[in-house]
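In what follows, a single structure is set out as structure tokens and then discussed.
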Amino acid sequence: MAETSPAANARSKPLESYQPHEGVADELLRPDGSLRPVWQPLIDHLAARSPAQIAQDFARGDLYLQDAGVYYRHYTGDDSTVRDWPLSHIPVLIAESEWKDLAEGITQRAELMEMVMADLYGPADLVKRGLLPPQLIARNKEWLRPIVGTKPRSGNFLHVLAFEIGRSPDGSWLVLGDRAQAPSGSGFALENRMATLRVFNDLYPDANVHRLAGFFRTFRDRLTQLRGPERGQVAILTPGQNTDTYFEHAYIARYLGFLLLESEDLVAVDGKLMVRTISGLEPVSVLWRRLDSRFADPLELDESSAIGTPGMVSTLRSGAVTMLNCLGSGVLEARALMAFLPRISEALLSEPLKLPNIATWWCGHEAERAYVAENLERMMIGPALSTDLPFDIDSNTALGGRFRDNAKAPVREWLEKSGGSLVGQEAVTLSTTPAMIDGQLKPRPMVVRVFAVRTSEGWTVMPGGYARIGPSNDPTALAMQNGGSVADVWVVSDEEVESDTLSGQAEGPFIRRMPGRLPSRAADNLFWLGRYVERADFVARCLRAYHLRLEDHGVTPVPVFGKLRGFIEGRGYSLNEPMPERFLQLMDRARGCASKVRDRFSDDGWYALDELDRAARDLSNGLQPGDQTGRALSALLRRLAGFAGLVNDNMFRFSGWRFMTMGRALERGVQISDLLAEFAARGAPPGSFDAALEIGDSVMTHRRRYSVQTNRNTVVDLLALDPENPRSVIYQAGVLRAQQAELPRRSRSTQLSQVERQILNMHTELSVGTPEHFDSAKLAMIGDDLQAISDSIQAEYMG
């Protein structure tokens, strides 16, 4: 007798509107309509919560992603925009018993890929034996002839792989695509997990979900082992912040503790790969490549590449660096290659593929391509499927889908006559998984991306991954670029799962490791981040002083009011609007510098800077000149002070912090020097001294420090020569001197460097000078000297 208790009725509520499609496998329900056991706890959890509570749970996960700054880049034509990470809050659940079979199939496929890669860049036996058509390889632009004959330093070509898998209508799993070029997504899988466990913070701890930390820990340890006896740097190579997966590159680099580099950070010297750091050139022993192979070396590969490192191929040949994956691995992603993998598996492994391919055919000639293009719709049931949709029919195309019954035999006969190939399973209609749509669970098509990495013990498969979810029943809309979303994948055990962390439970003595070397490019961006933020602070103070006086005096001409206007506009900041466009550009530059060092920036720091940028833009909407704008600028200055406090209080005192601090000190010294040169000039209009003190944030200090009326000497003394005033020029010189002394020396000479001499000379001059000595010309010269120090810092450490 069916259960009709209140508990059973409550559990059925989330499933009331859930109707899988006929002839399509579903992750939540069996073919007979019963719930798969692995989903029962999650469905019970949803049934016990009200729609408002579920909405709050989902918002908690979204807030985490927002605070962490997780994003992807959306491309429209020649333009791109940053979009919020599109999390589908309901995870995909797979039982551990089923996952073990999947992992075995993935491990076998990874080993087969390694063997194919070694052959394609070695003896080429697969072509000689007729297991691969020569034109499939020779015509593939990802097969790189300069790599032929290269022996990987680690002994393996492949270390990181990803696979797109989907479930066919009969419930079996198929491989839809292989990712060997620069597989992305493992970091996003981790962020999906972090967000999803916040959504289900009551359910997750007891849900027996396998953790991901151990997977990353073993991989990190393996990369560290691959450094070899010279123990060079381990680094991740990114194309830069404009790639759609840059956030993941920065996140993984920070999570694993590796350097994040761009090609301009690297240089090939005598067959070795070196990274430019503030200490000079340092060897790179392991490079996890996240850019396409063809662009890696403009000297030997694609000469038009602007993101490559000349000579990188030579460092591979010399065995100086282990690259993940080896250049040329993109050839394994050719969809046509899948048509031949079953036979290759039998030949090389003496066993069939444990995970079959999507049904594929190989179109090797122009006539075949024309035939496919003309007859494709007639031959297929629904759209033809491939990993990247829509596909192009070219010499390297393998197409997959469900053939019409009356088309199977003619297609097979035609392909065999023309030298093509038709292999694998024919049913590739994507399975569906539940997604919460307008407060109700609805079936949506999905594919799962799984990851495998090579460790010291062989291939290891991540116990999870991430699923791409379609916004509708159209399988071509799975990609985020087409409106798709992503979900976490939970591998659920029947038994209790131990919690795990990236650090693990290592035995042995405690070791406090030193921070890694700071790349010169990172130092440059942190230095200029400090300068831009400090410049924004100074300009905001000038603007506030102007608008407050505008409110006080209205249209009445006041001499200092004109002085302020000329000072601000002379620096390129228009006063025709409350928030000048040039100021917003300052914030853009600061944010741009921070985005290039995301691996070295805390989530709180990034979020604070992002809020600053938004607050500045809000000022340009509807504010009236005068007091309203002045008060808004005061609020913005408090946010700037908050960001500065966050950096000072929370940022580790490594070299990066020192460069940011030096950038701020230099900029503050330059601005205060210029301010005094104008507003403490002899003959300056009345009110100029007070304006200088206000912009210099030293009004209260002046009242307490000097018993006499404000005059030129007291203003110059306080803002230029007082070593106790954190706004004074001499204070900035002291900061520069102290921080520069902590930086690594690039010369073994005991003589002072150019930077040290310049800072010492300026600090000494300010220390022995008097207010009378520093007229406007001298103050302006101090500003020039600070700019010269900035140039010398960049030449010594970032050149």
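Chain labels A, B, ... are given in the sequence in which chains occur in the structure tokens; within each chain residues are numbered consecutively from 1, and ligands are likewise numbered from 1 in the order shown.
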
Checklist line | Every residue of segment 129-306 of chain A that DSSP places in alpha helix (DSSP H), as a PyMOL selection string | finding: chain A and resi 134-138+186-199+213-225+246-256

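Within the 9 Å cut-off around Arg589 of chain A, using only C-alpha atoms and omitting residues fewer than 5 positions from it on the same chain, the listed residues are Trp528, Leu529, Tyr532, Leu584 and Ala594 of chain A.
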
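For the atom pair formed by atom CA of Tyr731 of chain A and atom CA of Met762 of chain A, the distance is 11.4 Å, given to one decimal.
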
Margin query: Nearest residue to Leu349 of chain A out of A:Ser688, A:Ser304, A:Met113, A:Leu273, using only C-alpha atoms?
Written below: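 Smallest separation from Leu349 of chain A among the options: A:Met113.
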
I'd like a table as JSON lines: residues in segment 94-172 of chain A with an atom no more than 10 Å from segment 324-337 of chain A, each row giving the shortest atom pair and its distance in Å to one decimal, only C-alpha atoms counted, sorted by chain and rising residue number.
{"residue": "A:Met113", "atom": "CA", "partner": "A:Leu332", "partner_atom": "CA", "distance": 7.3}
{"residue": "A:Glu114", "atom": "CA", "partner": "A:Ser329", "partner_atom": "CA", "distance": 9.5}
{"residue": "A:Val116", "atom": "CA", "partner": "A:Leu332", "partner_atom": "CA", "distance": 8.1}
{"residue": "A:Met117", "atom": "CA", "partner": "A:Ser329", "partner_atom": "CA", "distance": 7.0}
{"residue": "A:Ala118", "atom": "CA", "partner": "A:Ser329", "partner_atom": "CA", "distance": 9.9}
{"residue": "A:Leu120", "atom": "CA", "partner": "A:Val331", "partner_atom": "CA", "distance": 9.0}
{"residue": "A:Tyr121", "atom": "CA", "partner": "A:Gly328", "partner_atom": "CA", "distance": 8.5}
{"residue": "A:Leu132", "atom": "CA", "partner": "A:Leu337", "partner_atom": "CA", "distance": 8.0}
{"residue": "A:Pro133", "atom": "CA", "partner": "A:Leu337", "partner_atom": "CA", "distance": 9.5}
{"residue": "A:Leu136", "atom": "CA", "partner": "A:Ala336", "partner_atom": "CA", "distance": 7.6}
{"residue": "A:Ile137", "atom": "CA", "partner": "A:Val331", "partner_atom": "CA", "distance": 7.5}
{"residue": "A:Asn140", "atom": "CA", "partner": "A:Val331", "partner_atom": "CA", "distance": 6.8}
{"residue": "A:Lys141", "atom": "CA", "partner": "A:Val331", "partner_atom": "CA", "distance": 7.8}
{"residue": "A:Glu142", "atom": "CA", "partner": "A:Val331", "partner_atom": "CA", "distance": 4.8}
{"residue": "A:Trp143", "atom": "CA", "partner": "A:Val331", "partner_atom": "CA", "distance": 5.3}
{"residue": "A:Leu144", "atom": "CA", "partner": "A:Gly328", "partner_atom": "CA", "distance": 5.4}
{"residue": "A:Arg145", "atom": "CA", "partner": "A:Gly328", "partner_atom": "CA", "distance": 8.6}
{"residue": "A:Pro146", "atom": "CA", "partner": "A:Gly328", "partner_atom": "CA", "distance": 9.1}
{"residue": "A:Ile147", "atom": "CA", "partner": "A:Gly328", "partner_atom": "CA", "distance": 6.9}
{"residue": "A:Val148", "atom": "CA", "partner": "A:Gly328", "partner_atom": "CA", "distance": 9.1}
{"residue": "A:Thr150", "atom": "CA", "partner": "A:Cys326", "partner_atom": "CA", "distance": 9.4}
{"residue": "A:Lys151", "atom": "CA", "partner": "A:Cys326", "partner_atom": "CA", "distance": 9.8}
{"residue": "A:Pro152", "atom": "CA", "partner": "A:Cys326", "partner_atom": "CA", "distance": 7.4}
{"residue": "A:Arg153", "atom": "CA", "partner": "A:Cys326", "partner_atom": "CA", "distance": 10.0}
{"residue": "A:Ser154", "atom": "CA", "partner": "A:Leu324", "partner_atom": "CA", "distance": 9.9}
{"residue": "A:Asn156", "atom": "CA", "partner": "A:Cys326", "partner_atom": "CA", "distance": 8.4}
{"residue": "A:Phe157", "atom": "CA", "partner": "A:Cys326", "partner_atom": "CA", "distance": 5.2}
{"residue": "A:Leu158", "atom": "CA", "partner": "A:Asn325", "partner_atom": "CA", "distance": 5.0}
{"residue": "A:His159", "atom": "CA", "partner": "A:Leu324", "partner_atom": "CA", "distance": 5.7}
{"residue": "A:Val160", "atom": "CA", "partner": "A:Asn325", "partner_atom": "CA", "distance": 6.5}
{"residue": "A:Leu161", "atom": "CA", "partner": "A:Asn325", "partner_atom": "CA", "distance": 8.5}
